[in-house]
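Participant: Structure in structure tokens, see below.
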Amino acid sequence: MLHSRLLQYIDEVARLGSIRAAGARLHVAPSAINRQILLLEAELGQPLFDRLPRGMRPTPAGEALLAHVRRTLQQYRETVADIRDLHALGSGEVVIATMTGLASSVVATAAAAFRARHPRVRISIRTMTTQDILRAVEASEADLGLGFNVPPSAHLEVCWQMNTRLGVVVAPHHPLAGADPIPLAQCPPYPLIFADRSMVIHGIVAEAFAKAGLDIEPAFHTNSIETMKRLAASGDAIAFLSEFDIAEEIRDGRLVFRPVRDAFSNNVVSLVRREKHGHGLASLLLAEDIVGALTHAQTPRP
């Protein structure tokens, strides 16, 4: 036993209100339980229980100690469950719901790192819209959800969150590749790549141009992040994405991310799971790898 059985004695006596009943539950002689409680009371210098004609009731000191005892026992049970889950990591599946740009960059990086350590755990990466991510995690169809501007939910716990504004994404040889930050007014002379209206990015970018009083006609519309990246990498077109969308391309030198001066509204990326998920240690470890990949993907700023 990692912890003294005295913790269990105190907990059971308080729950059952009787040393005799606690002894019967724990298969321990009541005299042994009473002796241990008396020794602790002598050590602390005050009674932990009022000994009443009809049973035992915790004193204020006993209530304070009981709160500690129950926290300790609960943490111990959780730790034992985690240790058992570690043994079970030889099998199983973790499902993550995410968006296409994130799936092909930070999620792929994190999933590969996780599988290198736990090769028998299957990872399912499903791409979907923000609302569908929310529904999938709430319904326990996915263990984790990673997306931009995920609505708050009473059923979800936020594991990690960061405001990551959109920026200009261009090829390394683009005339704007060396500017930092870029005024939005310098973008319209070049072919613009817009997300179509089904994507959250469209509203953020269109609103920024409208607020700046810039009348633009995008050269390309698409609902594919991959298509946006390819178009930007192959010529002088400009896409508007986050650093996380192009983490791999930045690392390989295929694309450049530049912030736009005071242009875009918030674009919050969140990693979420069910508040009472019960999905085991594998999803928690994968979540840690995803947070690590997200942190590593951030471009250092002077």
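How things are named: the first chain in the structure tokens is A, the next is B, and so on; residues count from 1 in each chain; ligands count from 1 in the order shown.
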Report as a PyMOL selection string all protein, DNA and RNA residues lying within 9 Å of A:Leu184, evaluated on only C-alpha atoms, omitting residues in the same chain fewer than 5 positions from it.
Facilitator: chain A and resi 168+208-209+212+214+260-263
Participant: Could you give me, as a compact mmCIF listing (two decimals) with N, CA, C and O atoms, in the first residue's frame, each residue of stretch 19-255 of chain A that DSSP assigns to helix (DSSP H, G or I) when run on this structure's backbone?
Facilitator:
# COMPACT_ATOMS: atom_id res chain seq x y z
N ILE A 19 -17.17 2.82 14.38
CA ILE A 19 -15.93 2.06 14.27
C ILE A 19 -16.24 0.59 13.98
O ILE A 19 -15.57 -0.06 13.17
N ARG A 20 -17.28 0.07 14.61
CA ARG A 20 -17.65 -1.33 14.39
C ARG A 20 -18.05 -1.58 12.93
O ARG A 20 -17.62 -2.55 12.32
N ALA A 21 -18.85 -0.67 12.39
CA ALA A 21 -19.28 -0.83 10.99
C ALA A 21 -18.10 -0.69 10.04
O ALA A 21 -17.99 -1.42 9.04
N ALA A 22 -17.20 0.25 10.34
CA ALA A 22 -16.00 0.42 9.50
C ALA A 22 -15.14 -0.84 9.55
O ALA A 22 -14.60 -1.28 8.52
N GLY A 23 -15.00 -1.45 10.75
CA GLY A 23 -14.22 -2.67 10.87
C GLY A 23 -14.81 -3.80 10.05
O GLY A 23 -14.08 -4.56 9.40
N ALA A 24 -16.16 -3.90 10.07
CA ALA A 24 -16.82 -4.95 9.29
C ALA A 24 -16.60 -4.73 7.80
O ALA A 24 -16.36 -5.68 7.04
N ARG A 25 -16.68 -3.46 7.35
CA ARG A 25 -16.49 -3.16 5.93
C ARG A 25 -15.05 -3.47 5.48
O ARG A 25 -14.83 -3.98 4.38
N LEU A 26 -14.07 -3.14 6.34
CA LEU A 26 -12.66 -3.28 5.96
C LEU A 26 -12.05 -4.61 6.41
O LEU A 26 -10.88 -4.86 6.14
N PRO A 30 -12.33 -3.82 15.12
CA PRO A 30 -12.65 -2.45 15.54
C PRO A 30 -11.64 -1.89 16.53
O PRO A 30 -11.34 -0.69 16.51
N SER A 31 -11.09 -2.75 17.39
CA SER A 31 -10.12 -2.27 18.37
C SER A 31 -8.86 -1.73 17.69
O SER A 31 -8.25 -0.77 18.16
N ALA A 32 -8.47 -2.34 16.55
CA ALA A 32 -7.29 -1.88 15.82
C ALA A 32 -7.55 -0.50 15.20
O ALA A 32 -6.68 0.38 15.22
N ILE A 33 -8.75 -0.31 14.66
CA ILE A 33 -9.10 0.99 14.08
C ILE A 33 -9.13 2.05 15.17
O ILE A 33 -8.58 3.15 15.03
N ASN A 34 -9.77 1.73 16.29
CA ASN A 34 -9.87 2.69 17.39
C ASN A 34 -8.49 3.08 17.91
O ASN A 34 -8.22 4.25 18.19
N ARG A 35 -7.61 2.09 18.03
CA ARG A 35 -6.26 2.36 18.52
C ARG A 35 -5.50 3.32 17.60
O ARG A 35 -4.85 4.26 18.05
N GLN A 36 -5.62 3.11 16.29
CA GLN A 36 -4.92 3.97 15.34
C GLN A 36 -5.46 5.41 15.38
O GLN A 36 -4.70 6.38 15.31
N ILE A 37 -6.77 5.55 15.51
CA ILE A 37 -7.37 6.88 15.58
C ILE A 37 -6.94 7.59 16.86
O ILE A 37 -6.60 8.78 16.86
N LEU A 38 -6.91 6.86 17.98
CA LEU A 38 -6.48 7.46 19.25
C LEU A 38 -5.03 7.91 19.18
O LEU A 38 -4.67 8.99 19.69
N LEU A 39 -4.16 7.12 18.55
CA LEU A 39 -2.76 7.50 18.41
C LEU A 39 -2.61 8.77 17.57
O LEU A 39 -1.82 9.66 17.89
N LEU A 40 -3.41 8.88 16.49
CA LEU A 40 -3.34 10.08 15.66
C LEU A 40 -3.88 11.29 16.41
O LEU A 40 -3.31 12.39 16.32
N GLU A 41 -4.95 11.11 17.15
CA GLU A 41 -5.50 12.22 17.94
C GLU A 41 -4.46 12.70 18.96
O GLU A 41 -4.31 13.91 19.20
N ALA A 42 -3.74 11.78 19.57
CA ALA A 42 -2.70 12.15 20.54
C ALA A 42 -1.58 12.92 19.84
O ALA A 42 -1.04 13.90 20.38
N GLU A 43 -1.24 12.49 18.62
CA GLU A 43 -0.19 13.18 17.87
C GLU A 43 -0.61 14.60 17.50
O GLU A 43 0.19 15.55 17.56
N LEU A 44 -1.88 14.76 17.10
CA LEU A 44 -2.38 16.07 16.68
C LEU A 44 -2.77 16.95 17.87
O LEU A 44 -2.91 18.17 17.72
N PRO A 60 -14.65 19.54 14.05
CA PRO A 60 -14.12 20.46 13.02
C PRO A 60 -12.71 20.07 12.57
O PRO A 60 -12.40 20.13 11.37
N ALA A 61 -11.87 19.65 13.52
CA ALA A 61 -10.52 19.19 13.14
C ALA A 61 -10.62 17.93 12.28
O ALA A 61 -9.86 17.76 11.31
N GLY A 62 -11.55 17.05 12.65
CA GLY A 62 -11.75 15.83 11.87
C GLY A 62 -12.22 16.11 10.46
O GLY A 62 -11.79 15.46 9.50
N GLU A 63 -13.12 17.11 10.31
CA GLU A 63 -13.60 17.48 8.97
C GLU A 63 -12.46 18.00 8.11
O GLU A 63 -12.37 17.68 6.92
N ALA A 64 -11.57 18.81 8.72
CA ALA A 64 -10.43 19.34 7.96
C ALA A 64 -9.51 18.21 7.51
O ALA A 64 -9.06 18.17 6.36
N LEU A 65 -9.25 17.27 8.42
CA LEU A 65 -8.40 16.14 8.06
C LEU A 65 -9.08 15.23 7.04
O LEU A 65 -8.44 14.72 6.11
N LEU A 66 -10.39 15.06 7.19
CA LEU A 66 -11.14 14.19 6.28
C LEU A 66 -11.08 14.70 4.84
O LEU A 66 -10.97 13.91 3.89
N ALA A 67 -11.12 16.02 4.67
CA ALA A 67 -11.01 16.59 3.31
C ALA A 67 -9.67 16.22 2.69
O ALA A 67 -9.60 15.84 1.51
N HIS A 68 -8.61 16.31 3.48
CA HIS A 68 -7.28 15.91 2.99
C HIS A 68 -7.24 14.42 2.67
O HIS A 68 -6.70 13.99 1.64
N VAL A 69 -7.80 13.61 3.56
CA VAL A 69 -7.81 12.16 3.37
C VAL A 69 -8.50 11.79 2.07
O VAL A 69 -7.98 10.98 1.27
N ARG A 70 -9.65 12.38 1.82
CA ARG A 70 -10.41 12.01 0.62
C ARG A 70 -9.75 12.51 -0.65
O ARG A 70 -9.78 11.83 -1.69
N ARG A 71 -9.12 13.69 -0.60
CA ARG A 71 -8.36 14.14 -1.77
C ARG A 71 -7.21 13.18 -2.06
O ARG A 71 -6.96 12.81 -3.21
N THR A 72 -6.52 12.77 -1.00
CA THR A 72 -5.38 11.87 -1.17
C THR A 72 -5.81 10.53 -1.74
O THR A 72 -5.19 9.99 -2.67
N LEU A 73 -6.89 9.97 -1.20
CA LEU A 73 -7.37 8.68 -1.69
C LEU A 73 -7.84 8.77 -3.14
O LEU A 73 -7.61 7.87 -3.95
N GLN A 74 -8.51 9.89 -3.49
CA GLN A 74 -8.97 10.06 -4.87
C GLN A 74 -7.78 10.18 -5.83
O GLN A 74 -7.77 9.56 -6.90
N GLN A 75 -6.78 10.96 -5.44
CA GLN A 75 -5.59 11.10 -6.28
C GLN A 75 -4.87 9.76 -6.43
O GLN A 75 -4.34 9.44 -7.50
N TYR A 76 -4.86 8.99 -5.37
CA TYR A 76 -4.24 7.67 -5.42
C TYR A 76 -4.98 6.76 -6.41
O TYR A 76 -4.37 6.08 -7.23
N ARG A 77 -6.32 6.77 -6.34
CA ARG A 77 -7.11 5.95 -7.27
C ARG A 77 -6.87 6.37 -8.71
O ARG A 77 -6.76 5.53 -9.61
N GLU A 78 -6.79 7.69 -8.95
CA GLU A 78 -6.54 8.19 -10.30
C GLU A 78 -5.16 7.77 -10.79
O GLU A 78 -4.98 7.41 -11.96
N THR A 79 -4.18 7.81 -9.89
CA THR A 79 -2.82 7.42 -10.27
C THR A 79 -2.76 5.94 -10.60
O THR A 79 -2.12 5.53 -11.58
N VAL A 80 -3.43 5.12 -9.80
CA VAL A 80 -3.47 3.68 -10.08
C VAL A 80 -4.12 3.42 -11.44
O VAL A 80 -3.65 2.60 -12.23
N ALA A 81 -5.20 4.17 -11.73
CA ALA A 81 -5.87 4.01 -13.03
C ALA A 81 -4.94 4.40 -14.17
O ALA A 81 -4.90 3.74 -15.22
N ASP A 82 -4.17 5.48 -13.98
CA ASP A 82 -3.22 5.90 -15.02
C ASP A 82 -2.14 4.85 -15.24
O ASP A 82 -1.74 4.58 -16.37
N ILE A 83 -1.66 4.24 -14.15
CA ILE A 83 -0.65 3.20 -14.28
C ILE A 83 -1.20 2.01 -15.05
O ILE A 83 -0.53 1.44 -15.92
N ARG A 84 -2.44 1.66 -14.76
CA ARG A 84 -3.06 0.56 -15.50
C ARG A 84 -3.27 0.93 -16.96
O ARG A 84 -3.10 0.10 -17.86
N ASP A 85 -3.62 2.19 -17.20
CA ASP A 85 -3.79 2.65 -18.58
C ASP A 85 -2.47 2.59 -19.35
O ASP A 85 -2.45 2.30 -20.55
N LEU A 86 -1.37 2.88 -18.65
CA LEU A 86 -0.06 2.81 -19.30
C LEU A 86 0.19 1.39 -19.81
O LEU A 86 0.71 1.20 -20.91
N HIS A 87 -0.20 0.41 -19.03
CA HIS A 87 -0.04 -0.98 -19.46
C HIS A 87 -0.95 -1.27 -20.65
O HIS A 87 -0.58 -2.03 -21.56
N ALA A 88 -2.12 -0.63 -20.67
CA ALA A 88 -3.09 -0.88 -21.74
C ALA A 88 -2.76 -0.14 -23.03
O ALA A 88 -3.43 -0.31 -24.03
N THR A 100 -8.84 20.71 -41.76
CA THR A 100 -7.91 20.17 -42.76
C THR A 100 -6.49 20.72 -42.63
O THR A 100 -5.52 19.97 -42.69
N GLY A 101 -6.35 22.04 -42.44
CA GLY A 101 -5.02 22.62 -42.33
C GLY A 101 -4.27 22.10 -41.12
O GLY A 101 -3.07 21.81 -41.19
N LEU A 102 -4.95 21.98 -40.01
CA LEU A 102 -4.33 21.48 -38.79
C LEU A 102 -4.02 19.99 -38.90
O LEU A 102 -3.01 19.51 -38.38
N ALA A 103 -4.89 19.25 -39.58
CA ALA A 103 -4.69 17.81 -39.74
C ALA A 103 -3.40 17.51 -40.48
O ALA A 103 -2.66 16.59 -40.14
N SER A 104 -3.12 18.30 -41.50
CA SER A 104 -1.94 18.03 -42.34
C SER A 104 -0.67 18.63 -41.78
O SER A 104 0.41 18.42 -42.33
N SER A 105 -0.77 19.38 -40.69
CA SER A 105 0.43 20.01 -40.13
C SER A 105 0.68 19.53 -38.70
O SER A 105 1.28 18.49 -38.49
N VAL A 106 0.18 20.27 -37.71
CA VAL A 106 0.53 19.95 -36.32
C VAL A 106 -0.03 18.61 -35.86
O VAL A 106 0.62 17.90 -35.09
N VAL A 107 -1.24 18.25 -36.30
CA VAL A 107 -1.81 16.98 -35.85
C VAL A 107 -1.03 15.80 -36.42
O VAL A 107 -0.74 14.82 -35.72
N ALA A 108 -0.65 15.90 -37.69
CA ALA A 108 0.15 14.83 -38.29
C ALA A 108 1.49 14.69 -37.58
O ALA A 108 1.96 13.57 -37.32
N THR A 109 2.12 15.81 -37.25
CA THR A 109 3.40 15.78 -36.53
C THR A 109 3.24 15.12 -35.16
O THR A 109 4.03 14.26 -34.76
N ALA A 110 2.21 15.53 -34.43
CA ALA A 110 1.98 14.98 -33.09
C ALA A 110 1.63 13.50 -33.16
O ALA A 110 2.10 12.70 -32.32
N ALA A 111 0.80 13.12 -34.12
CA ALA A 111 0.39 11.72 -34.24
C ALA A 111 1.59 10.83 -34.54
O ALA A 111 1.70 9.72 -34.00
N ALA A 112 2.49 11.30 -35.40
CA ALA A 112 3.68 10.52 -35.73
C ALA A 112 4.57 10.34 -34.50
O ALA A 112 5.11 9.25 -34.25
N ALA A 113 4.73 11.40 -33.72
CA ALA A 113 5.55 11.32 -32.51
C ALA A 113 4.93 10.35 -31.50
O ALA A 113 5.63 9.56 -30.86
N PHE A 114 3.61 10.42 -31.36
CA PHE A 114 2.92 9.53 -30.42
C PHE A 114 3.06 8.07 -30.84
O PHE A 114 3.36 7.19 -30.03
N ARG A 115 2.85 7.81 -32.14
CA ARG A 115 2.91 6.42 -32.62
C ARG A 115 4.32 5.85 -32.52
O ARG A 115 4.50 4.64 -32.34
N ALA A 116 5.33 6.70 -32.59
CA ALA A 116 6.70 6.22 -32.45
C ALA A 116 6.93 5.63 -31.06
O ALA A 116 7.71 4.69 -30.89
N ARG A 117 6.23 6.17 -30.06
CA ARG A 117 6.37 5.69 -28.69
C ARG A 117 5.36 4.58 -28.37
O ARG A 117 5.63 3.73 -27.52
N THR A 130 -15.94 23.35 -37.86
CA THR A 130 -15.88 23.69 -36.43
C THR A 130 -17.09 23.15 -35.68
O THR A 130 -16.96 22.55 -34.60
N GLN A 131 -18.28 23.35 -36.22
CA GLN A 131 -19.49 22.87 -35.55
C GLN A 131 -19.51 21.36 -35.43
O GLN A 131 -19.96 20.80 -34.42
N ASP A 132 -19.02 20.67 -36.46
CA ASP A 132 -18.99 19.21 -36.41
C ASP A 132 -17.95 18.71 -35.40
O ASP A 132 -18.15 17.66 -34.78
N ILE A 133 -16.84 19.44 -35.25
CA ILE A 133 -15.86 19.09 -34.22
C ILE A 133 -16.52 19.16 -32.85
O ILE A 133 -16.38 18.25 -32.02
N LEU A 134 -17.23 20.26 -32.61
CA LEU A 134 -17.92 20.44 -31.34
C LEU A 134 -18.89 19.28 -31.07
O LEU A 134 -18.89 18.68 -29.98
N ARG A 135 -19.71 18.95 -32.06
CA ARG A 135 -20.69 17.89 -31.89
C ARG A 135 -20.02 16.53 -31.66
O ARG A 135 -20.48 15.73 -30.85
N ALA A 136 -18.92 16.26 -32.39
CA ALA A 136 -18.26 14.96 -32.29
C ALA A 136 -17.67 14.75 -30.90
O ALA A 136 -17.78 13.66 -30.33
N VAL A 137 -17.06 15.79 -30.33
CA VAL A 137 -16.46 15.63 -29.00
C VAL A 137 -17.55 15.57 -27.93
O VAL A 137 -17.47 14.76 -27.00
N GLU A 138 -18.58 16.39 -28.06
CA GLU A 138 -19.68 16.35 -27.09
C GLU A 138 -20.36 14.98 -27.08
O GLU A 138 -20.78 14.49 -26.02
N LEU A 184 -2.33 45.78 -45.12
CA LEU A 184 -3.30 45.08 -45.95
C LEU A 184 -3.42 45.73 -47.32
O LEU A 184 -3.67 45.05 -48.32
N ALA A 185 -3.18 47.02 -47.39
CA ALA A 185 -3.31 47.75 -48.67
C ALA A 185 -2.28 47.30 -49.69
O ALA A 185 -2.45 47.56 -50.89
N GLN A 186 -1.21 46.62 -49.28
CA GLN A 186 -0.20 46.15 -50.23
C GLN A 186 -0.58 44.83 -50.88
O GLN A 186 0.11 44.39 -51.81
N VAL A 200 -14.90 29.61 -41.94
CA VAL A 200 -14.82 30.74 -41.02
C VAL A 200 -13.80 31.77 -41.51
O VAL A 200 -13.99 32.98 -41.35
N ILE A 201 -12.72 31.30 -42.13
CA ILE A 201 -11.67 32.21 -42.60
C ILE A 201 -12.22 33.26 -43.55
O ILE A 201 -11.79 34.42 -43.54
N HIS A 202 -13.19 32.88 -44.37
CA HIS A 202 -13.73 33.81 -45.36
C HIS A 202 -14.25 35.07 -44.68
O HIS A 202 -13.95 36.19 -45.10
N GLY A 203 -15.07 34.91 -43.66
CA GLY A 203 -15.65 36.06 -42.98
C GLY A 203 -14.60 36.95 -42.34
O GLY A 203 -14.69 38.18 -42.39
N ILE A 204 -13.57 36.34 -41.73
CA ILE A 204 -12.52 37.12 -41.08
C ILE A 204 -11.76 37.97 -42.09
O ILE A 204 -11.52 39.16 -41.88
N VAL A 205 -11.41 37.36 -43.24
CA VAL A 205 -10.62 38.08 -44.24
C VAL A 205 -11.47 39.12 -44.96
O VAL A 205 -11.04 40.28 -45.15
N ALA A 206 -12.69 38.74 -45.34
CA ALA A 206 -13.56 39.70 -46.05
C ALA A 206 -13.87 40.90 -45.17
O ALA A 206 -13.89 42.06 -45.65
N GLU A 207 -14.09 40.67 -43.88
CA GLU A 207 -14.38 41.77 -42.96
C GLU A 207 -13.18 42.72 -42.85
O GLU A 207 -13.35 43.94 -42.80
N ALA A 208 -11.98 42.17 -42.83
CA ALA A 208 -10.78 43.00 -42.71
C ALA A 208 -10.62 43.91 -43.93
O ALA A 208 -10.32 45.11 -43.80
N PHE A 209 -10.83 43.38 -45.12
CA PHE A 209 -10.71 44.21 -46.33
C PHE A 209 -11.80 45.26 -46.36
O PHE A 209 -11.57 46.42 -46.76
N ALA A 210 -13.01 44.89 -45.95
CA ALA A 210 -14.12 45.85 -45.94
C ALA A 210 -13.84 46.99 -44.97
O ALA A 210 -14.06 48.17 -45.28
N LYS A 211 -13.34 46.67 -43.77
CA LYS A 211 -13.04 47.71 -42.78
C LYS A 211 -11.92 48.62 -43.26
O LYS A 211 -11.88 49.81 -42.91
N ILE A 225 -7.80 24.00 -47.71
CA ILE A 225 -6.57 24.62 -47.21
C ILE A 225 -5.38 24.17 -48.04
O ILE A 225 -4.48 24.96 -48.36
N GLU A 226 -5.36 22.89 -48.40
CA GLU A 226 -4.26 22.38 -49.20
C GLU A 226 -4.15 23.10 -50.55
O GLU A 226 -3.06 23.41 -51.01
N THR A 227 -5.31 23.36 -51.16
CA THR A 227 -5.30 24.08 -52.44
C THR A 227 -4.78 25.50 -52.25
O THR A 227 -4.01 26.01 -53.07
N MET A 228 -5.19 26.17 -51.16
CA MET A 228 -4.68 27.52 -50.89
C MET A 228 -3.16 27.51 -50.78
O MET A 228 -2.47 28.37 -51.33
N LYS A 229 -2.62 26.53 -50.07
CA LYS A 229 -1.18 26.47 -49.88
C LYS A 229 -0.45 26.22 -51.19
O LYS A 229 0.59 26.84 -51.47
N ARG A 230 -0.98 25.33 -52.01
CA ARG A 230 -0.34 25.03 -53.29
C ARG A 230 -0.37 26.22 -54.23
O ARG A 230 0.61 26.52 -54.93
N LEU A 231 -1.50 26.92 -54.25
CA LEU A 231 -1.59 28.11 -55.09
C LEU A 231 -0.59 29.18 -54.67
O LEU A 231 0.07 29.81 -55.50
N ALA A 232 -0.46 29.38 -53.36
CA ALA A 232 0.47 30.39 -52.86
C ALA A 232 1.92 29.99 -53.15
O ALA A 232 2.75 30.85 -53.49
N ALA A 233 2.23 28.70 -53.04
CA ALA A 233 3.61 28.25 -53.22
C ALA A 233 4.05 28.27 -54.68
O ALA A 233 5.25 28.34 -54.97
N PHE A 244 -0.23 27.88 -37.92
CA PHE A 244 -0.44 26.46 -37.68
C PHE A 244 -0.89 25.73 -38.93
O PHE A 244 -0.63 24.55 -39.10
N ASP A 245 -1.58 26.44 -39.83
CA ASP A 245 -2.03 25.82 -41.07
C ASP A 245 -0.85 25.43 -41.97
O ASP A 245 -0.95 24.51 -42.77
N ILE A 246 0.25 26.18 -41.84
CA ILE A 246 1.37 25.97 -42.76
C ILE A 246 2.66 25.62 -42.00
O ILE A 246 3.76 25.89 -42.47
N ALA A 247 2.52 25.00 -40.84
CA ALA A 247 3.69 24.70 -40.00
C ALA A 247 4.73 23.88 -40.77
O ALA A 247 5.94 24.18 -40.71
N GLU A 248 4.29 22.87 -41.49
CA GLU A 248 5.24 22.02 -42.23
C GLU A 248 5.90 22.79 -43.36
O GLU A 248 7.11 22.67 -43.58
N GLU A 249 5.13 23.61 -44.06
CA GLU A 249 5.68 24.37 -45.18
C GLU A 249 6.67 25.44 -44.71
O GLU A 249 7.66 25.72 -45.39
N ILE A 250 6.40 26.04 -43.55
CA ILE A 250 7.37 26.99 -42.98
C ILE A 250 8.66 26.27 -42.64
O ILE A 250 9.77 26.75 -42.95
N ARG A 251 8.54 25.11 -42.01
CA ARG A 251 9.71 24.34 -41.61
C ARG A 251 10.55 23.92 -42.82
O ARG A 251 11.79 23.94 -42.77
N ASP A 252 9.88 23.58 -43.92
CA ASP A 252 10.59 23.13 -45.13
C ASP A 252 10.99 24.27 -46.05
O ASP A 252 11.61 24.03 -47.10
Participant: May I ask which of the residues A:Phe240, A:Phe148, A:Tyr9, A:Tyr190 is the closest one to A:Leu255, counting only C-alpha atoms?
Facilitator: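 Comparing A:Phe240, A:Phe148, A:Tyr9, A:Tyr190 against A:Leu255, the winner is A:Phe240.
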Participant: Pick the closest to A:Cys159 from A:Leu146, A:Ser18, A:Pro259, A:Ala282: which is it, counting only C-alpha atoms?
Facilitator: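 Ranked by minimum distance to A:Cys159, first place goes to A:Leu146.
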Participant: Between atom CA of A:Met56 and atom CA of A:Gly17, what is the distance in Å, rounded to a tenth?
Facilitator: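 That distance, rounded to one decimal, is 4.7 Å.
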Participant: Would you mind telling me which residue in A:Val121, A:Leu6, A:Met99, A:Leu166 lies nearest to A:Phe264 when using only C-alpha atoms?
Facilitator: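 For A:Phe264, the nearest of the given residues is A:Leu166.
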Participant: Hey, what's within 7 Å of A:Ile125 if we count only C-alpha atoms and toss same-chain stuff fewer than 4 positions away? As a VMD selection string, please?
Facilitator: chain A and resid 95 to 97
Participant: Would you kindly return, as a PyMOL selection string, each protein, DNA or RNA residue with an atom no farther than 8 Å from any atom of A:Arg258, considering only C-alpha atoms and excluding same-chain residues fewer than 4 positions away?
Facilitator: chain A and resi 167-169+177+179-182
Participant: Let me see the file: selected residues, N, CA, C and O atoms, as a compact mmCIF listing (two decimals), in the first residue's frame.
Facilitator:
# COMPACT_ATOMS: atom_id res chain seq x y z
N GLY A 167 -2.58 35.60 -41.16
CA GLY A 167 -1.55 36.44 -41.76
C GLY A 167 -1.45 36.17 -43.24
O GLY A 167 -2.18 35.33 -43.80
N VAL A 168 -0.53 36.86 -43.87
CA VAL A 168 -0.27 36.68 -45.31
C VAL A 168 0.64 35.46 -45.48
O VAL A 168 1.65 35.31 -44.79
N VAL A 169 0.26 34.59 -46.41
CA VAL A 169 1.05 33.40 -46.72
C VAL A 169 1.46 33.48 -48.19
O VAL A 169 0.61 33.54 -49.08
N ALA A 177 7.53 38.81 -49.23
CA ALA A 177 8.05 37.82 -48.29
C ALA A 177 8.97 38.43 -47.24
O ALA A 177 9.09 37.89 -46.14
N ALA A 179 8.63 41.57 -45.96
CA ALA A 179 7.97 42.62 -45.17
C ALA A 179 7.40 42.04 -43.88
O ALA A 179 6.91 40.92 -43.86
N ASP A 180 7.45 42.83 -42.80
CA ASP A 180 6.94 42.34 -41.53
C ASP A 180 6.74 43.50 -40.57
O ASP A 180 7.72 44.09 -40.11
N PRO A 181 5.49 43.88 -40.25
CA PRO A 181 4.24 43.31 -40.78
C PRO A 181 3.88 43.94 -42.12
O PRO A 181 4.49 44.92 -42.56
N ILE A 182 2.85 43.37 -42.75
CA ILE A 182 2.45 43.83 -44.08
C ILE A 182 1.16 44.65 -43.97
O ILE A 182 0.17 44.17 -43.43
Participant: One number please: atom CA of A:Gln298 to atom CA of A:Arg165, in Å, one decimal.
Facilitator: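 Taking atom CA of A:Gln298 and atom CA of A:Arg165, their separation equals 11.6 Å.
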Participant: May I have all residues of stretch 57-172 of chain A that DSSP, computed from the backbone, assigns to strand (DSSP E), given as a PyMOL selection string?
Facilitator: chain A and resi 57-58+93-98+122-127+144-148+156-163+167-170
Participant: Extract, using only C-alpha atoms, all DNA, RNA and protein residues at most 9 Å from A:Ser270, discarding same-chain residues fewer than 3 positions from it, and format them as a list in words.
Facilitator: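 Here the qualifying residues turn out to be Gly145, Leu146, Gly147, Phe148, Asn149, Val150, Val158, Cys159, Trp160, Gln161, Met162 and Asn163 of chain A.
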Participant: Rounded to one decimal, what separation in Å do you get between atom CA of A:Arg126 and atom CA of A:Phe194?
Facilitator: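 The value is 23.5 Å.
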Participant: Go through A:Thr127, A:Ser140, A:Thr164, A:Ser198 one by one, measure the shortest atom-to-atom distance of each to A:Val272 using only C-alpha atoms, and give the residue with the smallest value.
Facilitator: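 Using only C-alpha atoms, the shortest distance to A:Val272 belongs to A:Ser140.
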Participant: Pick the closest to A:Val269 from A:Asp236, A:Thr98, A:Gly213, A:Arg57: which is it, counting only C-alpha atoms?
Facilitator: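 Checking each of A:Asp236, A:Thr98, A:Gly213, A:Arg57 against A:Val269, counting only C-alpha atoms, the winner is A:Thr98.
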Participant: Please list as a count of residues only every residue within 7 Å of A:Asn223, counting only C-alpha atoms and excluding residues in the same chain fewer than 2 positions away.
Facilitator: 4
Participant: Find, counting only C-alpha atoms, the residue in A:Gly253, A:Gly55, A:Gly292, A:Pro188 that gets nearest to A:His173.
Facilitator: A:Gly253
